[in-house]
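**Q** I am sharing start.txt, which consists of compact mmCIF, C-alpha atoms:
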# COMPACT_ATOMS: atom_id res chain seq x y z
CA MET A 1 24.90 -0.70 -35.55
CA THR A 2 25.85 0.40 -32.04
CA LEU A 3 28.15 -1.47 -29.69
CA GLN A 4 25.29 -1.92 -27.23
CA LEU A 5 23.04 -3.48 -29.88
CA ILE A 6 25.64 -5.95 -31.11
CA ILE A 7 26.36 -7.05 -27.53
CA VAL A 8 22.63 -7.66 -27.01
CA LEU A 9 22.54 -9.69 -30.24
CA ILE A 10 25.53 -11.74 -29.12
CA LEU A 11 24.15 -12.54 -25.68
CA VAL A 12 20.45 -13.01 -26.40
CA GLY A 13 20.87 -14.63 -29.81
CA GLY A 14 23.70 -16.84 -28.59
CA TRP A 15 21.65 -18.04 -25.64
CA LEU A 16 18.58 -18.67 -27.81
CA PHE A 17 20.43 -20.58 -30.53
CA GLY A 18 22.33 -22.56 -27.90
CA ARG A 19 19.05 -23.65 -26.34
CA LEU A 20 17.54 -24.48 -29.75
CA ALA A 21 20.56 -26.63 -30.64
CA SER A 22 20.26 -28.48 -27.33
CA ARG A 23 16.56 -29.10 -27.93
CA ILE A 24 17.28 -30.93 -31.18
CA GLY A 25 20.10 -32.99 -29.67
CA LEU A 26 23.08 -30.92 -30.84
CA PRO A 27 25.75 -29.31 -28.62
CA GLY A 28 24.60 -25.90 -27.44
CA VAL A 29 27.92 -24.33 -28.38
CA LEU A 30 27.34 -25.37 -31.98
CA GLY A 31 24.17 -23.28 -32.03
CA MET A 32 26.06 -20.34 -30.54
CA THR A 33 28.78 -20.65 -33.16
CA LEU A 34 26.25 -20.79 -36.01
CA TRP A 35 24.57 -17.66 -34.63
CA GLY A 36 27.97 -15.97 -34.70
CA VAL A 37 28.48 -17.03 -38.33
CA PHE A 38 25.05 -15.56 -39.15
CA ILE A 39 25.87 -12.23 -37.48
CA GLY A 40 29.28 -12.04 -39.14
CA THR A 41 27.89 -12.86 -42.57
CA LEU A 42 24.86 -10.56 -42.45
CA TRP A 43 26.19 -7.51 -40.59
CA ARG A 44 30.00 -7.73 -40.85
CA ASP A 45 30.37 -4.28 -42.43
CA SER A 46 28.19 -2.62 -39.79
CA ILE A 47 29.78 -4.21 -36.71
CA PRO A 48 31.53 -1.41 -34.76
CA SER A 49 35.31 -1.53 -34.70
CA GLU A 50 35.21 -1.28 -30.89
CA LEU A 51 33.89 -4.84 -30.74
CA TRP A 52 36.68 -6.23 -32.92
CA ASN A 53 39.20 -4.41 -30.71
CA LEU A 54 37.58 -5.88 -27.60
CA ALA A 55 37.08 -9.39 -29.02
CA PRO A 56 40.61 -10.75 -28.30
CA PHE A 57 40.31 -9.80 -24.62
CA LEU A 58 36.80 -11.25 -24.32
CA LYS A 59 37.89 -14.55 -25.89
CA SER A 60 40.98 -14.65 -23.68
CA LEU A 61 38.85 -14.03 -20.58
CA ALA A 62 36.47 -16.84 -21.56
CA LEU A 63 39.42 -19.21 -22.05
CA ILE A 64 40.75 -18.20 -18.63
CA VAL A 65 37.41 -19.11 -17.05
CA ILE A 66 37.26 -22.53 -18.67
CA LEU A 67 40.93 -23.34 -17.98
CA LEU A 68 40.50 -22.37 -14.33
CA ARG A 69 37.55 -24.74 -14.19
CA ALA A 70 39.70 -27.40 -15.84
CA GLY A 71 42.47 -26.95 -13.28
CA LEU A 72 39.95 -27.02 -10.43
CA GLY A 73 38.65 -30.31 -11.82
CA ILE A 74 41.97 -32.19 -12.03
CA ASN A 75 43.06 -33.81 -8.79
CA LEU A 76 46.58 -35.07 -8.14
CA SER A 77 45.72 -38.77 -8.21
CA SER A 78 44.05 -38.43 -11.62
CA LEU A 79 46.98 -36.49 -13.02
CA LYS A 80 49.45 -39.13 -11.83
CA LYS A 81 47.34 -41.80 -13.50
CA VAL A 82 47.19 -40.14 -16.93
CA GLY A 83 50.29 -37.91 -16.88
CA ALA A 84 52.48 -39.88 -19.28
CA VAL A 85 49.66 -40.45 -21.79
CA ALA A 86 48.59 -36.80 -21.56
CA VAL A 87 52.12 -35.69 -22.47
CA ARG A 88 52.13 -38.02 -25.48
CA MET A 89 48.68 -36.72 -26.46
CA ALA A 90 50.08 -33.20 -26.30
CA PHE A 91 52.74 -33.83 -28.94
CA LEU A 92 52.18 -36.91 -31.11
CA PRO A 93 48.74 -36.17 -32.67
CA ALA A 94 49.69 -32.60 -33.53
CA MET A 95 53.07 -33.64 -34.95
CA PHE A 96 51.50 -36.39 -37.06
CA GLU A 97 48.89 -34.00 -38.45
CA ALA A 98 51.33 -31.15 -39.03
CA SER A 99 53.77 -33.44 -40.85
CA ALA A 100 51.06 -34.87 -43.12
CA LEU A 101 49.63 -31.44 -43.89
CA THR A 102 53.08 -30.03 -44.65
CA LEU A 103 53.53 -32.69 -47.32
CA LEU A 104 50.04 -32.11 -48.70
CA PHE A 105 50.43 -28.32 -48.87
CA HIS A 106 53.81 -28.67 -50.55
CA PHE A 107 53.00 -31.30 -53.15
CA PHE A 108 49.32 -30.53 -53.86
CA LEU A 109 49.26 -26.73 -53.54
CA GLY A 110 52.86 -25.95 -54.45
CA PHE A 111 53.72 -24.09 -51.23
CA ASN A 112 57.42 -23.92 -50.39
CA TRP A 113 58.42 -25.93 -47.33
CA SER A 114 58.37 -23.10 -44.79
CA ILE A 115 54.95 -21.79 -45.86
CA ALA A 116 53.59 -25.34 -46.07
CA ALA A 117 54.75 -25.98 -42.51
CA LEU A 118 53.28 -22.64 -41.41
CA ALA A 119 49.85 -23.54 -42.79
CA ALA A 120 50.11 -27.08 -41.41
CA THR A 121 50.87 -26.02 -37.84
CA LEU A 122 48.02 -23.50 -37.92
CA LEU A 123 45.54 -26.21 -38.89
CA SER A 124 46.88 -28.88 -36.51
CA ALA A 125 45.89 -27.23 -33.22
CA VAL A 126 42.97 -28.80 -31.36
CA SER A 127 40.48 -26.37 -29.81
CA PRO A 128 40.60 -26.13 -25.98
CA ALA A 129 37.43 -24.03 -26.16
CA ALA A 130 35.59 -27.03 -27.59
CA VAL A 131 37.39 -29.87 -25.80
CA VAL A 132 37.69 -28.55 -22.23
CA PRO A 133 34.00 -27.76 -21.55
CA SER A 134 32.95 -31.04 -23.13
CA MET A 135 35.38 -33.02 -20.97
CA LEU A 136 34.26 -31.22 -17.81
CA THR A 137 30.66 -32.12 -18.58
CA LEU A 138 31.58 -35.77 -19.06
CA LYS A 139 33.57 -35.75 -15.80
CA GLU A 140 30.64 -34.27 -13.91
CA ASP A 141 28.34 -36.93 -15.36
CA GLY A 142 30.72 -39.73 -14.33
CA TYR A 143 31.83 -40.86 -17.81
CA GLY A 144 35.34 -42.26 -18.20
CA LYS A 145 36.06 -41.93 -14.49
CA ASP A 146 37.64 -45.36 -14.05
CA LYS A 147 40.54 -44.53 -16.39
CA ASP A 148 40.26 -40.72 -16.17
CA VAL A 149 39.86 -40.36 -19.94
CA PRO A 150 38.35 -36.82 -19.74
CA THR A 151 41.26 -35.70 -17.54
CA MET A 152 43.67 -37.09 -20.11
CA MET A 153 41.97 -35.05 -22.83
CA LEU A 154 41.90 -31.91 -20.65
CA ALA A 155 45.63 -31.93 -20.01
CA GLY A 156 46.63 -33.10 -23.48
CA ALA A 157 44.56 -30.55 -25.38
CA SER A 158 45.98 -27.65 -23.37
CA LEU A 159 49.59 -28.77 -23.93
CA ASP A 160 48.83 -29.42 -27.60
CA ASN A 161 48.14 -25.71 -28.15
CA VAL A 162 51.40 -24.62 -26.54
CA THR A 163 53.37 -26.88 -28.87
CA VAL A 164 51.52 -25.88 -32.01
CA ILE A 165 51.56 -22.12 -31.39
CA THR A 166 55.31 -22.19 -30.71
CA MET A 167 55.93 -24.07 -33.95
CA PHE A 168 53.59 -21.71 -35.84
CA MET A 169 55.56 -18.65 -34.71
CA MET A 170 58.82 -20.34 -35.72
CA PHE A 171 57.60 -21.13 -39.23
CA LEU A 172 56.08 -17.64 -39.54
CA GLY A 173 59.56 -16.21 -39.03
CA LEU A 174 61.04 -18.62 -41.57
CA ALA A 175 58.32 -17.81 -44.11
CA LYS A 176 59.06 -14.09 -43.68
CA GLY A 177 62.71 -14.76 -44.44
CA GLU A 178 64.04 -14.26 -40.93
CA ASN A 179 67.21 -16.08 -39.91
CA LEU A 180 66.16 -18.35 -37.06
CA ASN A 181 67.99 -21.00 -35.12
CA ILE A 182 65.51 -23.86 -35.51
CA LEU A 183 67.06 -26.02 -32.77
CA ARG A 184 66.96 -23.10 -30.36
CA THR A 185 63.34 -22.38 -31.27
CA VAL A 186 62.32 -26.01 -30.74
CA LEU A 187 64.05 -26.03 -27.35
CA LEU A 188 61.95 -23.01 -26.41
CA ILE A 189 58.90 -25.30 -26.15
CA PRO A 190 59.86 -26.95 -22.83
CA TRP A 191 61.20 -23.60 -21.60
CA SER A 192 57.86 -21.98 -22.44
CA LEU A 193 56.04 -24.74 -20.59
CA LEU A 194 58.22 -24.31 -17.50
CA LEU A 195 57.87 -20.53 -17.46
CA GLY A 196 54.12 -20.96 -17.80
CA ILE A 197 53.68 -23.58 -15.07
CA LEU A 198 56.08 -22.12 -12.47
CA PRO A 199 54.37 -18.71 -12.04
CA GLY A 200 51.01 -20.49 -11.97
CA ALA A 201 52.21 -22.75 -9.17
CA LEU A 202 53.61 -19.82 -7.16
CA LEU A 203 50.45 -17.76 -7.61
CA GLY A 204 48.37 -20.80 -6.72
CA MET A 205 50.26 -21.23 -3.45
CA PHE A 206 49.84 -17.54 -2.64
CA LEU A 207 46.10 -17.73 -3.29
CA VAL A 208 45.83 -20.86 -1.14
CA TRP A 209 47.38 -18.96 1.77
CA PHE A 210 45.39 -15.78 1.14
CA PHE A 211 42.00 -17.42 0.68
CA GLN A 212 42.42 -19.66 3.70
CA ARG A 213 43.72 -16.78 5.83
CA PHE A 214 40.79 -14.51 4.94
CA TYR A 215 38.19 -17.15 4.05
CA GLU A 216 35.42 -15.76 6.24
CA LYS A 217 36.16 -12.12 5.40
CA ILE A 218 36.02 -12.40 1.60
CA ARG A 219 32.87 -13.39 -0.23
CA ALA A 220 33.03 -16.10 -2.91
CA THR A 221 32.33 -13.54 -5.64
CA GLU A 222 35.23 -11.40 -4.43
CA LYS A 223 37.50 -14.45 -4.46
CA VAL A 224 36.56 -15.10 -8.08
CA LEU A 225 37.21 -11.47 -9.07
CA LEU A 226 40.67 -11.61 -7.48
CA LEU A 227 41.39 -14.94 -9.15
CA LEU A 228 40.35 -13.61 -12.56
CA GLY A 229 42.35 -10.42 -12.13
CA ILE A 230 45.52 -12.33 -11.29
CA SER A 231 44.91 -14.74 -14.16
CA VAL A 232 44.45 -11.93 -16.71
CA LEU A 233 47.68 -10.33 -15.48
CA LEU A 234 49.48 -13.68 -15.81
CA VAL A 235 48.30 -14.03 -19.41
CA GLN A 236 49.42 -10.48 -20.26
CA VAL A 237 52.89 -11.12 -18.85
CA GLY A 238 53.00 -14.49 -20.60
CA ASP A 239 52.18 -12.89 -23.94
CA LEU A 240 55.04 -10.42 -23.50
CA MET A 241 57.50 -13.16 -22.55
CA ASN A 242 56.17 -15.81 -24.98
CA THR A 243 55.44 -18.33 -22.23
CA ALA A 244 52.63 -20.88 -21.86
CA ALA A 245 50.54 -18.62 -19.64
CA LEU A 246 47.29 -20.50 -20.24
CA LEU A 247 48.97 -23.59 -18.82
CA GLY A 248 49.82 -21.51 -15.78
CA ILE A 249 46.13 -20.69 -15.40
CA MET A 250 45.31 -24.40 -15.19
CA THR A 251 48.13 -24.82 -12.69
CA ILE A 252 46.57 -22.21 -10.38
CA GLY A 253 43.32 -24.19 -10.31
CA PHE A 254 45.19 -27.47 -9.81
CA VAL A 255 47.14 -26.09 -6.81
CA LEU A 256 43.98 -24.66 -5.25
CA LEU A 257 42.24 -28.04 -5.50
CA ALA A 258 45.25 -29.89 -4.11
CA LYS A 259 45.84 -27.55 -1.17
CA ALA A 260 42.45 -25.99 -0.39
CA GLU A 261 39.53 -28.21 -1.47
CA ARG A 262 36.91 -26.11 0.31
CA VAL A 263 38.02 -22.95 -1.49
CA ALA A 264 38.36 -24.82 -4.80
CA ALA A 265 34.81 -26.13 -4.54
CA GLU A 266 33.48 -22.64 -3.87
CA LEU A 267 35.42 -21.10 -6.76
CA SER A 268 34.43 -23.90 -9.14
CA ARG A 269 30.75 -23.36 -8.40
CA LYS A 270 31.01 -19.62 -9.05
CA LEU A 271 33.07 -20.08 -12.20
CA GLY A 272 30.49 -22.58 -13.45
CA LYS A 273 27.87 -19.83 -13.28
CA LEU A 274 30.20 -17.31 -14.94
CA TRP A 275 30.84 -19.82 -17.74
CA VAL A 276 27.19 -19.47 -18.83
CA PHE A 277 28.03 -15.91 -19.94
CA SER A 278 31.59 -16.61 -21.07
CA GLU A 279 30.57 -19.59 -23.20
CA ILE A 280 28.10 -17.54 -25.22
CA VAL A 281 30.60 -14.72 -25.79
CA LEU A 282 33.43 -17.07 -26.78
CA PHE A 283 31.60 -19.22 -29.30
CA VAL A 284 29.57 -16.42 -30.87
CA LEU A 285 32.78 -14.43 -31.39
CA ILE A 286 34.48 -17.49 -32.89
CA GLY A 287 31.52 -17.83 -35.26
CA MET A 288 31.70 -14.14 -36.15
CA SER A 289 35.34 -14.56 -37.17
CA VAL A 290 34.32 -17.14 -39.80
CA GLN A 291 34.03 -15.65 -43.28
CA LEU A 292 31.97 -17.92 -45.52
CA ASN A 293 32.99 -16.12 -48.71
CA VAL A 294 36.64 -16.80 -47.86
CA ALA A 295 35.89 -20.47 -47.17
CA LEU A 296 34.24 -20.88 -50.57
CA LYS A 297 37.48 -19.85 -52.28
CA ALA A 298 39.25 -22.89 -50.86
CA GLY A 299 36.91 -25.30 -52.66
CA PRO A 300 36.56 -29.06 -52.09
CA THR A 301 40.34 -29.47 -52.09
CA ALA A 302 40.38 -27.93 -48.60
CA LEU A 303 38.10 -30.64 -47.27
CA LEU A 304 40.29 -33.37 -48.76
CA LEU A 305 43.50 -31.97 -47.32
CA ILE A 306 41.96 -31.32 -43.90
CA THR A 307 40.56 -34.86 -43.87
CA GLY A 308 44.02 -36.19 -44.69
CA GLY A 309 45.39 -34.25 -41.74
CA LEU A 310 42.70 -35.64 -39.43
CA ILE A 311 43.54 -39.19 -40.50
CA ALA A 312 47.19 -38.57 -39.61
CA ARG A 313 46.11 -37.00 -36.29
CA SER A 314 44.04 -40.10 -35.52
CA LEU A 315 47.08 -42.31 -36.09
CA GLY A 316 48.98 -40.07 -33.69
CA VAL A 317 46.25 -40.52 -31.07
CA LEU A 318 46.41 -44.29 -31.45
CA LEU A 319 50.18 -44.23 -31.00
CA ALA A 320 49.92 -41.90 -27.99
CA THR A 321 47.37 -44.16 -26.28
CA ALA A 322 49.22 -47.41 -27.05
CA GLY A 323 49.99 -49.23 -23.82
CA SER A 324 47.75 -46.89 -21.83
CA GLY A 325 45.22 -49.55 -20.87
CA LEU A 326 42.44 -47.88 -22.85
CA ASN A 327 40.13 -50.26 -24.70
CA ARG A 328 39.05 -49.83 -28.33
CA LYS A 329 35.99 -47.73 -27.48
CA GLU A 330 38.01 -45.39 -25.29
CA LYS A 331 40.65 -44.99 -27.99
CA MET A 332 37.91 -44.24 -30.50
CA PHE A 333 36.56 -41.58 -28.16
CA SER A 334 40.05 -40.09 -27.81
CA ILE A 335 40.26 -39.77 -31.60
CA ILE A 336 36.87 -38.02 -31.72
CA ALA A 337 37.73 -35.69 -28.83
CA TYR A 338 40.81 -34.46 -30.70
CA LEU A 339 38.94 -33.51 -33.90
CA PRO A 340 37.48 -30.03 -33.25
CA LYS A 341 39.42 -26.95 -34.30
CA ALA A 342 38.33 -23.37 -33.67
CA THR A 343 40.25 -21.32 -31.14
CA VAL A 344 43.75 -21.10 -32.64
CA GLN A 345 42.45 -21.08 -36.21
CA ALA A 346 40.11 -18.17 -35.45
CA ALA A 347 42.80 -16.23 -33.58
CA LEU A 348 45.75 -16.78 -35.94
CA GLY A 349 44.16 -17.62 -39.31
CA ALA A 350 44.66 -14.11 -40.73
CA VAL A 351 48.23 -13.67 -39.38
CA PRO A 352 50.04 -15.03 -42.49
CA LEU A 353 47.94 -12.76 -44.73
CA GLN A 354 48.62 -9.72 -42.54
CA ALA A 355 52.33 -10.58 -42.56
CA GLY A 356 52.38 -10.53 -46.35
CA ILE A 357 53.11 -14.26 -46.69
CA LYS A 358 52.59 -15.61 -50.20
CA GLY A 359 49.40 -17.70 -50.15
CA GLY A 360 48.20 -16.00 -46.96
CA GLU A 361 44.65 -15.60 -48.25
CA LEU A 362 44.47 -19.32 -49.10
CA ILE A 363 45.82 -20.22 -45.64
CA LEU A 364 43.06 -18.09 -44.08
CA ALA A 365 40.49 -19.87 -46.24
CA TYR A 366 41.75 -23.27 -45.08
CA ALA A 367 41.60 -22.12 -41.45
CA VAL A 368 37.97 -21.08 -41.94
CA VAL A 369 37.09 -24.39 -43.59
CA ALA A 370 38.80 -26.26 -40.73
CA ILE A 371 36.54 -24.52 -38.22
CA ILE A 372 33.37 -25.07 -40.23
CA PHE A 373 34.17 -28.73 -40.90
CA THR A 374 35.81 -30.00 -37.71
CA ALA A 375 34.06 -28.04 -34.95
CA PRO A 376 30.58 -29.51 -35.63
CA LEU A 377 32.09 -32.92 -36.39
CA GLY A 378 34.04 -33.04 -33.14
CA LEU A 379 31.40 -31.45 -30.90
CA ILE A 380 28.62 -33.74 -32.12
CA GLY A 381 30.96 -36.71 -31.93
CA ILE A 382 31.88 -35.94 -28.31
CA ARG A 383 28.25 -35.30 -27.36
CA GLN A 384 26.98 -38.50 -28.95
CA GLY A 385 30.04 -40.70 -28.53
CA GLY A 386 30.95 -39.94 -24.92
CA PRO A 387 27.98 -41.74 -23.33
CA LYS A 388 28.31 -44.67 -25.76
CA LEU A 389 32.07 -45.16 -25.70
CA LEU A 390 33.01 -44.35 -22.11
CA HIS A 391 32.19 -46.34 -18.99
CA ILE A 392 29.95 -44.44 -16.56
CA ASP A 393 30.46 -44.44 -12.81
CA LEU A 394 27.75 -42.70 -10.84
CA LYS A 395 29.63 -42.80 -7.55
CA LYS A 396 31.10 -39.56 -6.27
CA GLU A 397 34.73 -39.35 -7.14
CA SER A 398 35.98 -37.45 -4.07
CA GLU A 399 35.16 -35.32 -1.08
CA TRP A 400 35.48 -32.36 -3.44
CA GLU A 401 31.99 -33.05 -4.78
CA ASP A 402 30.66 -33.15 -1.22
CA ASN A 403 32.25 -29.77 -0.63
CA MET A 404 30.60 -28.52 -3.81
CA LEU A 405 27.21 -29.44 -2.36
CA ASP A 406 28.05 -27.97 1.03
CA THR A 407 28.80 -24.58 -0.48
CA GLU A 408 25.52 -24.37 -2.38
What do you get writing this file as structure tokens?
**A**
Amino acid sequence: MTLQLIIVLILVGGWLFGRLASRIGLPGVLGMTLWGVFIGTLWRDSIPSELWNLAPFLKSLALIVILLRAGLGINLSSLKKVGAVAVRMAFLPAMFEASALTLLFHFFLGFNWSIAALAATLLSAVSPAAVVPSMLTLKEDGYGKDKDVPTMMLAGASLDNVTVITMFMMFLGLAKGENLNILRTVLLIPWSLLLGILPGALLGMFLVWFFQRFYEKIRATEKVLLLLGISVLLVQVGDLMNTAALLGIMTIGFVLLAKAERVAAELSRKLGKLWVFSEIVLFVLIGMSVQLNVALKAGPTALLLITGGLIARSLGVLLATAGSGLNRKEKMFSIIAYLPKATVQAALGAVPLQAGIKGGELILAYAVVAIIFTAPLGLIGIRQGGPKLLHIDLKKESEWEDNMLDTE
């Protein structure tokens, strides 16, 4: 199979299955993911290696697009309203789930403590690829506007990943027998956050000045290309320095919205169109990374352990939202919104196996099962539960939406 043919299959098949899923009342991205699973299962051995080499960059680019859209959709007043709860949502649910899964992996599967914690942190990351687009759609439709519930989920899910990935890398080193200073590693989390946000803020301010200075001389498409180029560079530098670069991407969008609403509206509209392409690529590639034969090796025990982790995560969500003013329906929605897993599990699931960690193949199998089980559960739950559990406000939330219309 040629690279050109597989790209055509990804784009055309992903679009078609996304539309079919939407027609029967399911999230379109679920159809795209299932199409990816089909491609990966049927033609895995014939997929050219060039695609697998390119896949990490394509997925990273798609995440950049959606996180820029997220940043461009979070205004300062909303962030002030949900900031404290969002921070709690970033840490407590993941910590509850990781702790429960560590115990389960140790006592039920016999993993030693470091490997059990490694597997637990891998499985405890929520998927920004699933949560962020869903929350943006709900925001655009006016759901949860009065208490900014979608904004809370947007910020919390992004921070959740930073925490979990940092802990995963720490336990990977411990499982490999490296001598690590655990306290120092834990303290790297806020340092990673700061070094991710600060460059994003500085780049955002530069782009505010540049886009306003040359607004009439640069087309909207050119602005988007420059924004994407800078964002990709920021992610590359962040990967080298182990900082929360994706959080910096959101910060760029946030600064642009706060300081240059007209430019932000224009960029958001263009990125919304680009997301049509990026969404298909991202979710089909995630589906292609799923290996059903590996998942079958995990057996029903995987479902039981993952369910136990989700129960613990739900308790963490309830604790994080305590005193937030959310009612029971909104708290229920918050639990549902934090269910789907896909991005981190697809990207890092094979890392323990490649590192030669004992039980690495079983950890990969659990990661695959987590995607297959939680992604549909969470996506369908958000799609069906959002309109039923969140209050809808059809009024425009700010002048930003008026600017959006003016630029069309």
**Q** Could you state the separation of atom CA of A:Ser134 and atom CA of A:Phe373 in Å, given to one decimal place?
**A**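 Computed distance, atom CA of A:Ser134 to atom CA of A:Phe373, equals 18.0 Å.
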**Q** Take atom CA of A:Gln291 and atom CA of A:Val235 and report the distance between them in Å, one decimal.
**A**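 Straight-line distance from atom CA of A:Gln291 to atom CA of A:Val235 works out to 27.9 Å.
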**Q** Have a look at atom CA of A:Ile371 and atom CA of A:Gln345 and let me know their distance in Å, one decimal.
**A**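 It comes out at 7.1 Å.
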**Q** Which residues come within 12 Å of stretch 223-231 of chain A, counting all atoms listed in the file, excluding same-chain residues fewer than 5 positions away, as a VMD selection string?
**A** chain A and resid 60 to 69 196 199 to 204 206 to 208 210 to 212 214 to 218 236 to 238 245 to 253 256 263 to 274
**Q** Up to 9 Å from (37.9, -42.5, -28.8) in the file's coordinates: name the residues, counting only C-alpha atoms, as JSON, numbers by chain.
**A** {"A": [317, 328, 329, 330, 331, 332, 333, 334, 335, 336, 337, 338, 382, 385, 386, 389, 390]}
**Q** Which residue out of A:Val8, A:Leu377, A:Val149, A:Leu194 has the minimum interatomic distance to A:Lys81 when only C-alpha atoms are used?
**A**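 Of A:Val8, A:Leu377, A:Val149, A:Leu194, the one nearest A:Lys81, counting only C-alpha atoms, is A:Val149.
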**Q** If you count all atoms listed in the file, which residues fall within 12 Å of A:Ile39, apart from same-chain ones fewer than 4 positions away, as a VMD selection string?
**A** chain A and resid 1 5 to 11 13 to 14 32 to 35 43 to 47 284 to 292
**Q** Show me, as JSON lines, the residues of stretch 285-317 of chain A having an atom within 10 Å of stretch 359-369 of chain A, each with the closest atom pair and its distance in Å, using all atoms listed in the file.
**A**
{"residue": "A:Gly287", "atom": "CA", "partner": "A:Val368", "partner_atom": "CA", "distance": 9.8}
{"residue": "A:Ser289", "atom": "CA", "partner": "A:Val368", "partner_atom": "CA", "distance": 8.5}
{"residue": "A:Val290", "atom": "CA", "partner": "A:Val368", "partner_atom": "CA", "distance": 5.8}
{"residue": "A:Gln291", "atom": "CA", "partner": "A:Val368", "partner_atom": "CA", "distance": 6.8}
{"residue": "A:Leu292", "atom": "CA", "partner": "A:Val368", "partner_atom": "CA", "distance": 7.7}
{"residue": "A:Asn293", "atom": "CA", "partner": "A:Ala365", "partner_atom": "CA", "distance": 8.7}
{"residue": "A:Val294", "atom": "CA", "partner": "A:Ala365", "partner_atom": "CA", "distance": 5.2}
{"residue": "A:Ala295", "atom": "CA", "partner": "A:Ala365", "partner_atom": "CA", "distance": 4.7}
{"residue": "A:Leu296", "atom": "CA", "partner": "A:Ala365", "partner_atom": "CA", "distance": 7.7}
{"residue": "A:Lys297", "atom": "CA", "partner": "A:Ala365", "partner_atom": "CA", "distance": 6.7}
{"residue": "A:Ala298", "atom": "CA", "partner": "A:Ala365", "partner_atom": "CA", "distance": 5.7}
{"residue": "A:Gly299", "atom": "CA", "partner": "A:Val369", "partner_atom": "CA", "distance": 9.1}
{"residue": "A:Pro300", "atom": "CA", "partner": "A:Val369", "partner_atom": "CA", "distance": 9.7}
{"residue": "A:Thr301", "atom": "CA", "partner": "A:Tyr366", "partner_atom": "CA", "distance": 9.5}
{"residue": "A:Ala302", "atom": "CA", "partner": "A:Tyr366", "partner_atom": "CA", "distance": 6.0}
{"residue": "A:Leu303", "atom": "CA", "partner": "A:Val369", "partner_atom": "CA", "distance": 7.3}
{"residue": "A:Leu305", "atom": "CA", "partner": "A:Tyr366", "partner_atom": "CA", "distance": 9.2}
{"residue": "A:Ile306", "atom": "CA", "partner": "A:Tyr366", "partner_atom": "CA", "distance": 8.1}
**Q** Within 8 Å of (45.8, -39.0, -34.1) (file coordinates; only C-alpha atoms), which protein or nucleic acid residues are there? I'd like them as an MDAnalysis selection string.
**A** chainID A and resid 92:94 96:97 310:320 335 338
**Q** Can those selected residues be exported to a file as an mmCIF file, in the frame of the given file so that it contains C-alpha atoms?
**A**
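Result file is out.cif:
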data_model
loop_
_atom_site.group_PDB
_atom_site.id
_atom_site.type_symbol
_atom_site.label_atom_id
_atom_site.label_comp_id
_atom_site.auth_asym_id
_atom_site.auth_seq_id
_atom_site.Cartn_x
_atom_site.Cartn_y
_atom_site.Cartn_z
ATOM 1 C CA LEU A 92 52.180 -36.910 -31.110
ATOM 2 C CA PRO A 93 48.740 -36.170 -32.670
ATOM 3 C CA ALA A 94 49.690 -32.600 -33.530
ATOM 4 C CA PHE A 96 51.500 -36.390 -37.060
ATOM 5 C CA GLU A 97 48.890 -34.000 -38.450
ATOM 6 C CA LEU A 310 42.700 -35.640 -39.430
ATOM 7 C CA ILE A 311 43.540 -39.190 -40.500
ATOM 8 C CA ALA A 312 47.190 -38.570 -39.610
ATOM 9 C CA ARG A 313 46.110 -37.000 -36.290
ATOM 10 C CA SER A 314 44.040 -40.100 -35.520
ATOM 11 C CA LEU A 315 47.080 -42.310 -36.090
ATOM 12 C CA GLY A 316 48.980 -40.070 -33.690
ATOM 13 C CA VAL A 317 46.250 -40.520 -31.070
ATOM 14 C CA LEU A 318 46.410 -44.290 -31.450
ATOM 15 C CA LEU A 319 50.180 -44.230 -31.000
ATOM 16 C CA ALA A 320 49.920 -41.900 -27.990
ATOM 17 C CA ILE A 335 40.260 -39.770 -31.600
ATOM 18 C CA TYR A 338 40.810 -34.460 -30.700
#
**Q** Which residue, A:Trp52, A:Val131, A:Lys147, A:Ser124, has the smallest gap to A:Gly325 when you use all atoms listed in the file?
**A**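 Among A:Trp52, A:Val131, A:Lys147, A:Ser124, it is A:Lys147 that comes nearest to A:Gly325.
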**Q** Kindly indicate which residue among A:Met169, A:Val255, A:Leu193, A:Leu198 lies nearest to A:Gly73, using all atoms listed in the file for the distances.
**A**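 Among the listed residues, the smallest separation from A:Gly73 belongs to A:Val255.
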**Q** To test the calculation: enclose all listed atoms of stretch 359-369 of chain A in a box whose edges run along x, y and z, add 8 Å on each side, then state centre and edge lengths in Å to one decimal, as JSON.
**A**
{"center_x": 43.2, "center_y": -20.0, "center_z": -45.8, "size_x": 28.3, "size_y": 24.8, "size_z": 24.7}
**Q** Pick from A:Thr343, A:Gln354, A:Thr374, A:Thr102: nearest to A:Lys176, with all atoms listed in the file counted?
**A**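 Looking only at the distances to A:Lys176, the closest residue turns out to be A:Gln354.
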